[in-house]
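The file structure.pdb comes next; it holds PDB, C-alpha atoms.
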ATOM      1  CA  MET K   1     -71.565-188.531 158.680
ATOM      2  CA  PRO K   2     -74.992-187.052 159.445
ATOM      3  CA  PRO K   3     -77.117-187.697 156.379
ATOM      4  CA  SER K   4     -78.492-184.598 154.710
ATOM      5  CA  ASN K   5     -81.796-186.344 154.094
ATOM      6  CA  ASP K   6     -82.474-186.754 157.804
ATOM      7  CA  PRO K   7     -85.637-184.625 158.111
ATOM      8  CA  PHE K   8     -84.564-183.157 161.459
ATOM      9  CA  TYR K   9     -81.258-181.821 160.169
ATOM     10  CA  ALA K  10     -82.672-180.807 156.802
ATOM     11  CA  GLY K  11     -85.418-178.815 158.524
ATOM     12  CA  LEU K  12     -82.906-177.247 160.887
ATOM     13  CA  GLY K  13     -80.779-176.141 157.963
ATOM     14  CA  GLN K  14     -83.695-174.536 156.196
ATOM     15  CA  ALA K  15     -84.904-172.746 159.311
ATOM     16  CA  VAL K  16     -81.464-171.306 160.001
ATOM     17  CA  ARG K  17     -81.147-170.248 156.384
ATOM     18  CA  ILE K  18     -84.341-168.232 156.255
ATOM     19  CA  GLY K  19     -83.580-166.318 159.441
ATOM     20  CA  THR K  20     -80.241-165.095 158.126
ATOM     21  CA  GLU K  21     -81.796-164.260 154.775
ATOM     22  CA  LEU K  22     -84.224-161.822 156.417
ATOM     23  CA  LEU K  23     -81.552-160.208 158.563
ATOM     24  CA  ALA K  24     -78.921-159.784 155.855
ATOM     25  CA  ALA K  25     -81.239-157.923 153.478
ATOM     26  CA  LEU K  26     -82.390-155.666 156.321
ATOM     27  CA  ILE K  27     -78.785-154.784 157.189
ATOM     28  CA  VAL K  28     -77.835-154.129 153.567
ATOM     29  CA  GLY K  29     -80.940-151.999 152.927
ATOM     30  CA  GLY K  30     -80.564-149.968 156.101
ATOM     31  CA  GLY K  31     -76.836-149.639 155.547
ATOM     32  CA  LEU K  32     -77.221-148.352 151.996
ATOM     33  CA  GLY K  33     -79.824-145.840 153.158
ATOM     34  CA  TRP K  34     -77.634-144.693 156.015
ATOM     35  CA  ALA K  35     -74.633-144.337 153.712
ATOM     36  CA  ALA K  36     -76.685-142.285 151.254
ATOM     37  CA  ASP K  37     -77.811-140.037 154.119
ATOM     38  CA  THR K  38     -74.372-139.566 155.589
ATOM     39  CA  TYR K  39     -72.056-139.348 152.613
ATOM     40  CA  LEU K  40     -74.204-138.366 149.616
ATOM     41  CA  PHE K  41     -77.205-136.183 150.277
ATOM     42  CA  ALA K  42     -77.265-135.190 153.969
ATOM     43  CA  SER K  43     -80.969-135.992 153.713
ATOM     44  CA  GLY K  44     -81.691-136.565 157.384
ATOM     45  CA  PRO K  45     -83.190-139.883 158.393
ATOM     46  CA  TRP K  46     -85.183-140.385 155.194
ATOM     47  CA  GLY K  47     -82.614-142.352 153.256
ATOM     48  CA  MET K  48     -82.311-144.839 156.077
ATOM     49  CA  VAL K  49     -86.083-145.051 156.537
ATOM     50  CA  ILE K  50     -86.585-145.843 152.857
ATOM     51  CA  GLY K  51     -83.555-148.139 152.902
ATOM     52  CA  LEU K  52     -84.963-150.128 155.820
ATOM     53  CA  VAL K  53     -88.343-150.521 154.130
ATOM     54  CA  VAL K  54     -86.651-151.696 150.929
ATOM     55  CA  GLY K  55     -84.448-153.978 153.019
ATOM     56  CA  VAL K  56     -87.403-155.611 154.747
ATOM     57  CA  THR K  57     -89.113-156.130 151.406
ATOM     58  CA  ALA K  58     -85.986-157.627 149.862
ATOM     59  CA  GLY K  59     -85.508-159.843 152.894
ATOM     60  CA  ILE K  60     -89.019-161.221 152.690
ATOM     61  CA  ARG K  61     -88.538-161.747 148.970
ATOM     62  CA  ASN K  62     -85.302-163.656 149.572
ATOM     63  CA  ALA K  63     -86.922-165.774 152.263
ATOM     64  CA  MET K  64     -89.841-166.461 149.935
ATOM     65  CA  ARG K  65     -87.444-167.560 147.193
ATOM     66  CA  ALA K  66     -85.590-169.848 149.564
ATOM     67  CA  ALA K  67     -88.891-171.359 150.680
ATOM     68  CA  GLN K  68     -90.037-171.946 147.102
ATOM     69  CA  ARG K  69     -86.754-173.651 146.333
ATOM     70  CA  TRP K  70     -87.058-176.267 149.043
ATOM     71  CA  ASP K  71     -90.716-176.744 148.443
ATOM     72  CA  LYS K  72     -89.878-178.110 144.997
ATOM     73  CA  SER K  73     -87.129-180.416 146.185
ATOM     74  CA  GLY K  74     -89.579-181.843 148.684
TER      75      GLY K  74
ATOM     76  CA  MET J   1     -63.025-170.405 187.122
ATOM     77  CA  GLU J   2     -64.188-167.094 185.697
ATOM     78  CA  GLU J   3     -63.466-167.082 182.018
ATOM     79  CA  SER J   4     -65.354-165.453 179.193
ATOM     80  CA  PRO J   5     -67.025-168.036 176.945
ATOM     81  CA  LEU J   6     -65.732-165.963 174.043
ATOM     82  CA  HIS J   7     -62.165-166.466 175.187
ATOM     83  CA  PRO J   8     -61.497-169.461 172.899
ATOM     84  CA  PHE J   9     -62.087-167.272 169.846
ATOM     85  CA  GLU J  10     -59.175-164.945 170.626
ATOM     86  CA  LEU J  11     -56.147-165.355 168.434
ATOM     87  CA  HIS J  12     -52.581-164.815 169.532
ATOM     88  CA  ASN J  13     -49.714-164.541 167.129
ATOM     89  CA  TYR J  14     -47.205-167.336 167.516
ATOM     90  CA  ILE J  15     -44.797-166.018 164.926
ATOM     91  CA  PRO J  16     -45.374-162.352 164.086
ATOM     92  CA  ILE J  17     -44.596-161.688 160.435
ATOM     93  CA  ASN J  18     -44.964-158.266 158.907
ATOM     94  CA  LEU J  19     -44.575-158.123 155.161
ATOM     95  CA  PHE J  20     -44.641-154.596 153.678
ATOM     96  CA  GLY J  21     -47.110-153.421 156.301
ATOM     97  CA  LEU J  22     -49.244-156.530 155.776
ATOM     98  CA  ASP J  23     -49.797-158.595 158.907
ATOM     99  CA  ILE J  24     -49.368-162.226 157.895
ATOM    100  CA  SER J  25     -48.453-163.559 161.325
ATOM    101  CA  ILE J  26     -48.796-167.261 162.028
ATOM    102  CA  ASN J  27     -51.531-167.934 164.589
ATOM    103  CA  LYS J  28     -53.695-170.834 165.633
ATOM    104  CA  ALA J  29     -56.237-170.308 162.831
ATOM    105  CA  VAL J  30     -53.528-170.338 160.165
ATOM    106  CA  ILE J  31     -52.060-173.538 161.577
ATOM    107  CA  MET J  32     -55.528-175.111 161.683
ATOM    108  CA  MET J  33     -56.063-174.237 158.029
ATOM    109  CA  TRP J  34     -52.774-175.904 157.154
ATOM    110  CA  VAL J  35     -53.818-178.955 159.124
ATOM    111  CA  VAL J  36     -57.167-179.079 157.300
ATOM    112  CA  VAL J  37     -55.545-178.680 153.883
ATOM    113  CA  GLY J  38     -52.938-181.318 154.700
ATOM    114  CA  LEU J  39     -55.447-183.774 156.136
ATOM    115  CA  THR J  40     -58.006-183.465 153.330
ATOM    116  CA  ALA J  41     -55.300-183.706 150.678
ATOM    117  CA  PHE J  42     -53.807-186.762 152.361
ATOM    118  CA  LEU J  43     -57.154-188.522 152.827
ATOM    119  CA  LEU J  44     -58.470-187.830 149.336
ATOM    120  CA  VAL J  45     -55.222-188.710 147.583
ATOM    121  CA  LYS J  46     -55.043-191.911 149.590
ATOM    122  CA  ALA J  47     -58.678-192.663 148.784
ATOM    123  CA  GLY J  48     -58.124-192.142 145.085
ATOM    124  CA  ALA J  49     -54.811-193.967 144.893
ATOM    125  CA  SER J  50     -56.009-197.558 144.720
ATOM    126  CA  ARG J  51     -59.028-197.247 142.352
ATOM    127  CA  ARG J  52     -60.167-200.747 143.015
ATOM    128  CA  MET J  53     -63.287-202.264 141.544
ATOM    129  CA  VAL J  54     -64.337-203.243 145.039
ATOM    130  CA  PRO J  55     -63.570-200.028 146.901
ATOM    131  CA  THR J  56     -61.780-199.806 150.203
ATOM    132  CA  LYS J  57     -63.597-198.075 153.077
ATOM    133  CA  LEU J  58     -61.838-194.794 152.429
ATOM    134  CA  GLN J  59     -62.453-195.002 148.710
ATOM    135  CA  SER J  60     -66.165-195.647 149.096
ATOM    136  CA  LEU J  61     -66.405-192.708 151.496
ATOM    137  CA  ALA J  62     -64.687-190.484 148.927
ATOM    138  CA  GLU J  63     -67.008-191.807 146.229
ATOM    139  CA  LEU J  64     -69.959-190.968 148.457
ATOM    140  CA  PHE J  65     -68.639-187.403 148.774
ATOM    141  CA  VAL J  66     -68.138-187.028 145.039
ATOM    142  CA  GLY J  67     -71.599-188.375 144.286
ATOM    143  CA  PHE J  68     -73.142-186.084 146.890
ATOM    144  CA  ILE J  69     -71.510-182.962 145.470
ATOM    145  CA  ARG J  70     -72.311-184.014 141.900
ATOM    146  CA  ASP J  71     -75.982-184.347 142.838
ATOM    147  CA  ILE J  72     -76.000-180.859 144.374
ATOM    148  CA  ILE J  73     -74.483-179.386 141.213
ATOM    149  CA  LEU J  74     -76.790-181.252 138.827
ATOM    150  CA  ASP J  75     -79.817-180.248 140.908
ATOM    151  CA  THR J  76     -79.029-176.549 141.044
ATOM    152  CA  MET J  77     -76.989-175.743 137.942
ATOM    153  CA  GLY J  78     -77.633-178.547 135.502
ATOM    154  CA  LYS J  79     -74.980-180.138 133.338
ATOM    155  CA  ASP J  80     -73.159-176.851 132.592
ATOM    156  CA  GLY J  81     -72.318-176.609 136.248
ATOM    157  CA  MET J  82     -70.049-179.638 136.210
ATOM    158  CA  ARG J  83     -67.287-177.290 135.030
ATOM    159  CA  PHE J  84     -67.267-175.924 138.560
ATOM    160  CA  PHE J  85     -67.086-179.306 140.211
ATOM    161  CA  PRO J  86     -63.443-179.004 141.374
ATOM    162  CA  PHE J  87     -64.039-175.584 142.910
ATOM    163  CA  ILE J  88     -67.263-176.539 144.650
ATOM    164  CA  ALA J  89     -65.932-179.851 145.912
ATOM    165  CA  THR J  90     -62.874-178.115 147.351
ATOM    166  CA  LEU J  91     -65.037-175.487 149.016
ATOM    167  CA  PHE J  92     -67.339-178.091 150.544
ATOM    168  CA  VAL J  93     -64.607-180.384 151.829
ATOM    169  CA  PHE J  94     -62.568-177.504 153.235
ATOM    170  CA  ILE J  95     -65.475-175.904 155.100
ATOM    171  CA  LEU J  96     -66.711-179.277 156.345
ATOM    172  CA  PHE J  97     -63.325-180.249 157.742
ATOM    173  CA  CYS J  98     -62.804-176.794 159.276
ATOM    174  CA  ASN J  99     -66.165-177.087 161.020
ATOM    175  CA  ILE J 100     -65.743-180.648 162.223
ATOM    176  CA  LEU J 101     -62.088-180.504 163.279
ATOM    177  CA  GLY J 102     -62.880-177.336 165.220
ATOM    178  CA  LEU J 103     -65.125-179.407 167.485
ATOM    179  CA  ILE J 104     -62.142-181.289 168.892
ATOM    180  CA  PRO J 105     -61.222-179.586 172.176
ATOM    181  CA  GLY J 106     -58.004-177.627 171.953
ATOM    182  CA  THR J 107     -58.246-176.969 168.242
ATOM    183  CA  TYR J 108     -59.560-173.846 166.598
ATOM    184  CA  THR J 109     -62.628-173.382 164.404
ATOM    185  CA  VAL J 110     -61.345-171.393 161.465
ATOM    186  CA  THR J 111     -64.860-170.695 160.219
ATOM    187  CA  SER J 112     -65.713-168.877 163.464
ATOM    188  CA  GLN J 113     -63.701-165.928 162.136
ATOM    189  CA  ILE J 114     -65.838-163.683 159.945
ATOM    190  CA  VAL J 115     -62.734-162.728 157.944
ATOM    191  CA  VAL J 116     -62.536-166.278 156.659
ATOM    192  CA  THR J 117     -66.218-166.725 155.851
ATOM    193  CA  ALA J 118     -66.468-163.239 154.346
ATOM    194  CA  ALA J 119     -63.493-163.961 152.107
ATOM    195  CA  PHE J 120     -65.211-167.131 150.881
ATOM    196  CA  ALA J 121     -68.559-165.398 150.398
ATOM    197  CA  LEU J 122     -67.131-162.383 148.570
ATOM    198  CA  PHE J 123     -65.067-164.625 146.323
ATOM    199  CA  VAL J 124     -68.061-166.799 145.445
ATOM    200  CA  TYR J 125     -70.306-163.814 144.870
ATOM    201  CA  SER J 126     -67.876-161.836 142.733
ATOM    202  CA  MET J 127     -67.224-164.990 140.751
ATOM    203  CA  SER J 128     -70.933-165.411 140.036
ATOM    204  CA  ILE J 129     -71.223-161.751 138.982
ATOM    205  CA  ALA J 130     -68.154-161.980 136.745
ATOM    206  CA  LEU J 131     -69.459-165.216 135.234
ATOM    207  CA  GLY J 132     -72.836-163.602 134.566
ATOM    208  CA  PHE J 133     -71.302-160.658 132.736
ATOM    209  CA  VAL J 134     -68.956-162.885 130.742
ATOM    210  CA  LEU J 135     -71.792-165.165 129.630
ATOM    211  CA  HIS J 136     -74.578-162.650 129.073
ATOM    212  CA  GLY J 137     -72.838-159.261 128.722
ATOM    213  CA  VAL J 138     -74.990-156.243 129.587
ATOM    214  CA  LYS J 139     -78.108-158.406 129.498
ATOM    215  CA  PHE J 140     -77.009-159.813 132.856
ATOM    216  CA  LEU J 141     -78.299-156.595 134.433
ATOM    217  CA  GLY J 142     -81.715-158.065 133.651
ATOM    218  CA  ILE J 143     -81.260-160.138 136.798
ATOM    219  CA  LEU J 144     -82.497-157.003 138.589
ATOM    220  CA  VAL J 145     -85.845-157.304 136.809
ATOM    221  CA  PRO J 146     -87.849-160.368 137.805
ATOM    222  CA  PRO J 147     -89.716-161.903 134.877
ATOM    223  CA  GLY J 148     -93.294-160.742 134.459
ATOM    224  CA  THR J 149     -92.843-157.374 136.173
ATOM    225  CA  PRO J 150     -95.174-154.693 134.787
ATOM    226  CA  GLY J 151     -93.337-151.575 133.599
ATOM    227  CA  TRP J 152     -94.757-149.208 136.187
ATOM    228  CA  LEU J 153     -93.428-151.375 139.016
ATOM    229  CA  LEU J 154     -89.841-151.188 137.769
ATOM    230  CA  PRO J 155     -88.727-148.191 139.874
ATOM    231  CA  LEU J 156     -89.904-150.113 142.935
ATOM    232  CA  MET J 157     -88.625-153.564 142.001
ATOM    233  CA  MET J 158     -85.127-152.549 140.917
ATOM    234  CA  PRO J 159     -83.968-151.256 144.326
ATOM    235  CA  ILE J 160     -85.554-154.236 146.063
ATOM    236  CA  GLU J 161     -83.823-156.675 143.743
ATOM    237  CA  LEU J 162     -80.561-154.748 144.089
ATOM    238  CA  VAL J 163     -80.707-154.990 147.879
ATOM    239  CA  SER J 164     -81.670-158.643 147.773
ATOM    240  CA  GLN J 165     -78.697-159.281 145.491
ATOM    241  CA  LEU J 166     -76.293-157.378 147.725
ATOM    242  CA  ALA J 167     -77.600-159.249 150.749
ATOM    243  CA  ARG J 168     -76.376-162.530 149.304
ATOM    244  CA  PRO J 169     -72.680-162.345 150.222
ATOM    245  CA  LEU J 170     -73.549-160.926 153.635
ATOM    246  CA  SER J 171     -76.009-163.675 154.485
ATOM    247  CA  LEU J 172     -73.595-166.300 153.169
ATOM    248  CA  ALA J 173     -70.750-165.022 155.345
ATOM    249  CA  VAL J 174     -72.782-164.257 158.460
ATOM    250  CA  ARG J 175     -74.664-167.571 158.456
ATOM    251  CA  LEU J 176     -71.569-169.735 158.610
ATOM    252  CA  PHE J 177     -69.691-167.470 161.012
ATOM    253  CA  ALA J 178     -72.636-166.966 163.378
ATOM    254  CA  ASN J 179     -73.560-170.639 163.543
ATOM    255  CA  MET J 180     -70.042-171.720 164.322
ATOM    256  CA  THR J 181     -69.435-168.986 166.891
ATOM    257  CA  ALA J 182     -72.792-169.466 168.593
ATOM    258  CA  GLY J 183     -72.421-173.229 168.815
ATOM    259  CA  HIS J 184     -68.995-173.035 170.384
ATOM    260  CA  THR J 185     -70.077-170.310 172.786
ATOM    261  CA  ILE J 186     -72.964-172.486 173.978
ATOM    262  CA  LEU J 187     -70.616-175.427 174.417
ATOM    263  CA  GLY J 188     -68.244-173.173 176.367
ATOM    264  CA  VAL J 189     -70.994-171.866 178.654
ATOM    265  CA  LEU J 190     -72.419-175.342 179.313
ATOM    266  CA  PHE J 191     -69.047-176.814 180.091
ATOM    267  CA  GLY J 192     -68.253-173.846 182.337
ATOM    268  CA  LEU J 193     -71.448-174.641 184.240
ATOM    269  CA  THR J 194     -70.359-178.254 184.567
ATOM    270  CA  ILE J 195     -67.145-177.193 186.244
ATOM    271  CA  THR J 196     -68.695-174.599 188.564
ATOM    272  CA  GLY J 197     -71.684-176.852 189.325
ATOM    273  CA  GLY J 198     -69.576-179.532 190.961
ATOM    274  CA  LEU J 199     -70.596-183.147 191.394
ATOM    275  CA  LEU J 200     -74.052-182.546 192.825
ATOM    276  CA  ILE J 201     -75.631-180.658 189.915
ATOM    277  CA  GLY J 202     -72.801-180.548 187.384
ATOM    278  CA  TRP J 203     -73.879-183.728 185.602
ATOM    279  CA  LEU J 204     -76.904-181.903 184.169
ATOM    280  CA  PRO J 205     -75.009-179.315 182.088
ATOM    281  CA  PHE J 206     -72.517-182.037 181.256
ATOM    282  CA  ALA J 207     -75.274-184.158 179.720
ATOM    283  CA  PHE J 208     -76.351-181.127 177.730
ATOM    284  CA  THR J 209     -72.758-180.538 176.619
ATOM    285  CA  VAL J 210     -72.644-184.041 175.203
ATOM    286  CA  ALA J 211     -76.017-183.610 173.504
ATOM    287  CA  MET J 212     -74.994-180.233 172.084
ATOM    288  CA  ASN J 213     -71.796-181.747 170.765
ATOM    289  CA  VAL J 214     -73.799-184.246 168.749
ATOM    290  CA  LEU J 215     -75.983-181.445 167.441
ATOM    291  CA  GLU J 216     -72.886-179.411 166.575
ATOM    292  CA  VAL J 217     -71.538-182.221 164.410
ATOM    293  CA  GLY J 218     -74.828-182.086 162.533
ATOM    294  CA  ILE J 219     -74.637-178.281 162.297
ATOM    295  CA  ALA J 220     -71.059-178.475 161.038
ATOM    296  CA  PHE J 221     -72.249-180.686 158.200
ATOM    297  CA  ILE J 222     -75.383-178.658 157.479
ATOM    298  CA  GLN J 223     -73.549-175.353 157.348
ATOM    299  CA  ALA J 224     -70.986-176.712 154.913
ATOM    300  CA  TYR J 225     -73.861-178.126 152.872
ATOM    301  CA  ILE J 226     -75.824-174.861 152.866
ATOM    302  CA  PHE J 227     -72.754-172.848 151.905
ATOM    303  CA  THR J 228     -72.109-175.210 149.012
ATOM    304  CA  ILE J 229     -75.683-175.358 147.790
ATOM    305  CA  LEU J 230     -76.015-171.563 147.870
ATOM    306  CA  THR J 231     -72.752-171.219 145.975
ATOM    307  CA  CYS J 232     -74.270-173.497 143.343
ATOM    308  CA  VAL J 233     -77.533-171.561 143.313
ATOM    309  CA  TYR J 234     -75.761-168.215 142.847
ATOM    310  CA  LEU J 235     -73.524-169.571 140.111
ATOM    311  CA  GLY J 236     -76.582-171.195 138.541
ATOM    312  CA  ASP J 237     -78.394-167.830 138.503
ATOM    313  CA  ALA J 238     -75.443-166.411 136.611
ATOM    314  CA  PHE J 239     -75.627-169.291 134.136
ATOM    315  CA  HIS J 240     -79.307-169.315 133.370
ATOM    316  CA  LEU J 241     -80.422-165.750 134.201
ATOM    317  CA  HIS J 242     -84.163-166.193 134.570
ATOM    318  CA  GLY J 243     -84.278-169.768 133.440
ATOM    319  CA  ALA J 244     -82.894-170.435 136.914
ATOM    320  CA  GLU J 245     -86.319-170.902 138.450
ATOM    321  CA  GLY J 246     -86.922-173.882 136.196
ATOM    322  CA  HIS J 247     -83.603-175.497 137.021
ATOM    323  CA  ALA J 248     -83.358-174.689 140.695
ATOM    324  CA  HIS J 249     -84.928-177.514 142.576
TER     325      HIS J 249
END
Any chance you could give the structure as structure tokens?
Amino acid sequence: MPPSNDPFYAGLGQAVRIGTELLAALIVGGGLGWAADTYLFASGPWGMVIGLVVGVTAGIRNAMRAAQRWDKSG
Amino acid sequence: MEESPLHPFELHNYIPINLFGLDISINKAVIMMWVVVGLTAFLLVKAGASRRMVPTKLQSLAELFVGFIRDIILDTMGKDGMRFFPFIATLFVFILFCNILGLIPGTYTVTSQIVVTAAFALFVYSMSIALGFVLHGVKFLGILVPPGTPGWLLPLMMPIELVSQLARPLSLAVRLFANMTAGHTILGVLFGLTITGGLLIGWLPFAFTVAMNVLEVGIAFIQAYIFTILTCVYLGDAFHLHGAEGHAH
């Protein structure tokens, strides 16, 4: 069983985690904006533009949170 | 041999079953899940059967597992979280065995299907939301407002927090699925190169296949671990609302 406290594997896990965190928020933000454009307001590209910006922000926030969490555990 | 490296992920129905318009056919993934459930149940029951003072090999391995999961829960959720121990332990052992058994050639990696990982992620996430509302009522909506936010920032912070909340199940599902699929695709490509390369150069991709296999065992463990720890973190957020930052190590 690969030990979880092996620094190589632990670091790998954290790196993989942060990448997905950024991407997922971007997809959700953009998707919500696109859905609002298409089904709710017919507001051209603006919903998606705002959604993407919010998504990027949320993604960075999530990544930041994840980073803080493993900083504490050392 | 020209074969798509994604070919191993295709599923064919062995026994087509159609129940009221619901496709519940038996395919390789379903059989693999049965195998995993059967194997884990057998091993853990056998490990727990003897309960000796001086544990057998299997028993000490099981005790290691239990201690490992208990530490994760205590770290992220605190003592309250021990209520969820059976659920989280089951989740961890199931995902771990799915990942690792899938590395044996000829078997199938159940977690390389996004349906499976998405079902897990959605279940975990809706459970944490339900738990939050049961414990805190309407106050649970306060999770959308980070502590110490000035009032004028609220219209900006609420959508950001909402998106970052909604991203949780997606990132949980996609992370496990993508890692498993990508790893197996790489193994497939490398081994394909070994076969087409022949004796002269084929040993090089073969060496990489072996090295990647070792790495994949590590990844299988890490992904199960990350899935479990994030489950604990999300459930812990529901428990403690904003106190979570203090508890979450």
Would you write out, as a Markdown table, a table of all residues in region 16-63 of chain J that have an atom no more than 10 Å from an atom of region 89-101 of chain J, listing for each the closest atom pair and the distance in Å to one decimal, considering all atoms listed in the file and ordering rows by chain and rising residue number?
| residue | atom | partner | partner_atom | distance |
| --- | --- | --- | --- | --- |
| J:Ala29 | CA | J:Cys98 | CA | 9.9 |
| J:Met32 | CA | J:Cys98 | CA | 7.8 |
| J:Met33 | CA | J:Cys98 | CA | 7.3 |
| J:Val35 | CA | J:Cys98 | CA | 9.2 |
| J:Val36 | CA | J:Phe97 | CA | 6.3 |
| J:Val37 | CA | J:Phe94 | CA | 7.2 |
| J:Leu39 | CA | J:Phe97 | CA | 8.8 |
| J:Thr40 | CA | J:Val93 | CA | 7.4 |
| J:Ala41 | CA | J:Phe94 | CA | 9.9 |
| J:Leu44 | CA | J:Val93 | CA | 10.0 |
Coordinates-based distance that separates CA of Val233 (chain J) from CA of Gly48 (chain J) (Å, one decimal): 28.3 Å
Counting all atoms listed in the file, the option among K:Thr20, K:Gln68, K:Thr38, K:Ser43 closest to chain J: K:Thr20
At most 7 Å to chain K: residues in chain J, only C-alpha atoms, as a PyMOL selection string: chain J and resi 160-161+163-164+166-167+170-171+175+218+222+248-249
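Restricting the calculation to only C-alpha atoms, the smallest distance between Gly33 (chain K) and any of J:Pro86, J:Pro169, J:Pro159, J:Ala207 is found for J:Pro159.
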Residue members of the PyMOL selection byres ((chain J and resi 183-198) around 10) in the file shown, as a ChimeraX atom specification: /J:1-9,102-103,109,112,178-182,199-213,215-216,219-220
Contacts of Ser126 (chain J) at 10 Å (all atoms listed in the file; same-chain gap of 5+ positions) as an MDAnalysis selection string: chainID J and resid 121 131:132 169 235
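Interatomic distance, CA of Val138 (chain J) against CA of His240 (chain J): 14.3 Å.
Put simply, the PyMOL selection byres ((chain J and resi 117) around 9) on this file hits Val110, Thr111, Ser112, Gln113, Ile114, Val115, Val116, Ala118, Ala119, Phe120, Ala121, Leu122, Leu172, Ala173, Val174, Arg175, Leu176 and Phe177 of chain J.
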Quick one: write out the picked residues with C-alpha atoms as a PDB file, in the coordinates of the input?
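In the end it all went to out.pdb:
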ATOM      1  CA  VAL J 110     -61.345-171.393 161.465  1.00  0.00           C
ATOM      2  CA  THR J 111     -64.860-170.695 160.219  1.00  0.00           C
ATOM      3  CA  SER J 112     -65.713-168.877 163.464  1.00  0.00           C
ATOM      4  CA  GLN J 113     -63.701-165.928 162.136  1.00  0.00           C
ATOM      5  CA  ILE J 114     -65.838-163.683 159.945  1.00  0.00           C
ATOM      6  CA  VAL J 115     -62.734-162.728 157.944  1.00  0.00           C
ATOM      7  CA  VAL J 116     -62.536-166.278 156.659  1.00  0.00           C
ATOM      8  CA  ALA J 118     -66.468-163.239 154.346  1.00  0.00           C
ATOM      9  CA  ALA J 119     -63.493-163.961 152.107  1.00  0.00           C
ATOM     10  CA  PHE J 120     -65.211-167.131 150.881  1.00  0.00           C
ATOM     11  CA  ALA J 121     -68.559-165.398 150.398  1.00  0.00           C
ATOM     12  CA  LEU J 122     -67.131-162.383 148.570  1.00  0.00           C
ATOM     13  CA  LEU J 172     -73.595-166.300 153.169  1.00  0.00           C
ATOM     14  CA  ALA J 173     -70.750-165.022 155.345  1.00  0.00           C
ATOM     15  CA  VAL J 174     -72.782-164.257 158.460  1.00  0.00           C
ATOM     16  CA  ARG J 175     -74.664-167.571 158.456  1.00  0.00           C
ATOM     17  CA  LEU J 176     -71.569-169.735 158.610  1.00  0.00           C
ATOM     18  CA  PHE J 177     -69.691-167.470 161.012  1.00  0.00           C
TER      19      PHE J 177
END
Enclose the full set of atoms of region 47-64 of chain K listed in the file within a box whose edges lie along x, y and z, apply 4 Å of padding to each of the six sides, and report centre and edge lengths in Å to one decimal as JSON.
{"center_x": -86.1, "center_y": -154.4, "center_z": 152.8, "size_x": 15.5, "size_y": 32.1, "size_z": 15.6}
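Note that CA of Arg70 (chain J) and CA of Lys46 (chain J) are 20.5 Å apart.
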12 Å contact set for Ile69 (chain J), only C-alpha atoms, chain neighbours under 2 positions out, as a PyMOL selection string: (chain K and resi 4) or (chain J and resi 62-67+71-77+81-82+84-93+224-226+228-229+231-232)
Test item: residues at most 9 Å from Leu241 (chain J), all atoms listed in the file, excluding those fewer than 6 positions along its chain, as a VMD selection string: chain J and resid 132 136 140 142 to 143
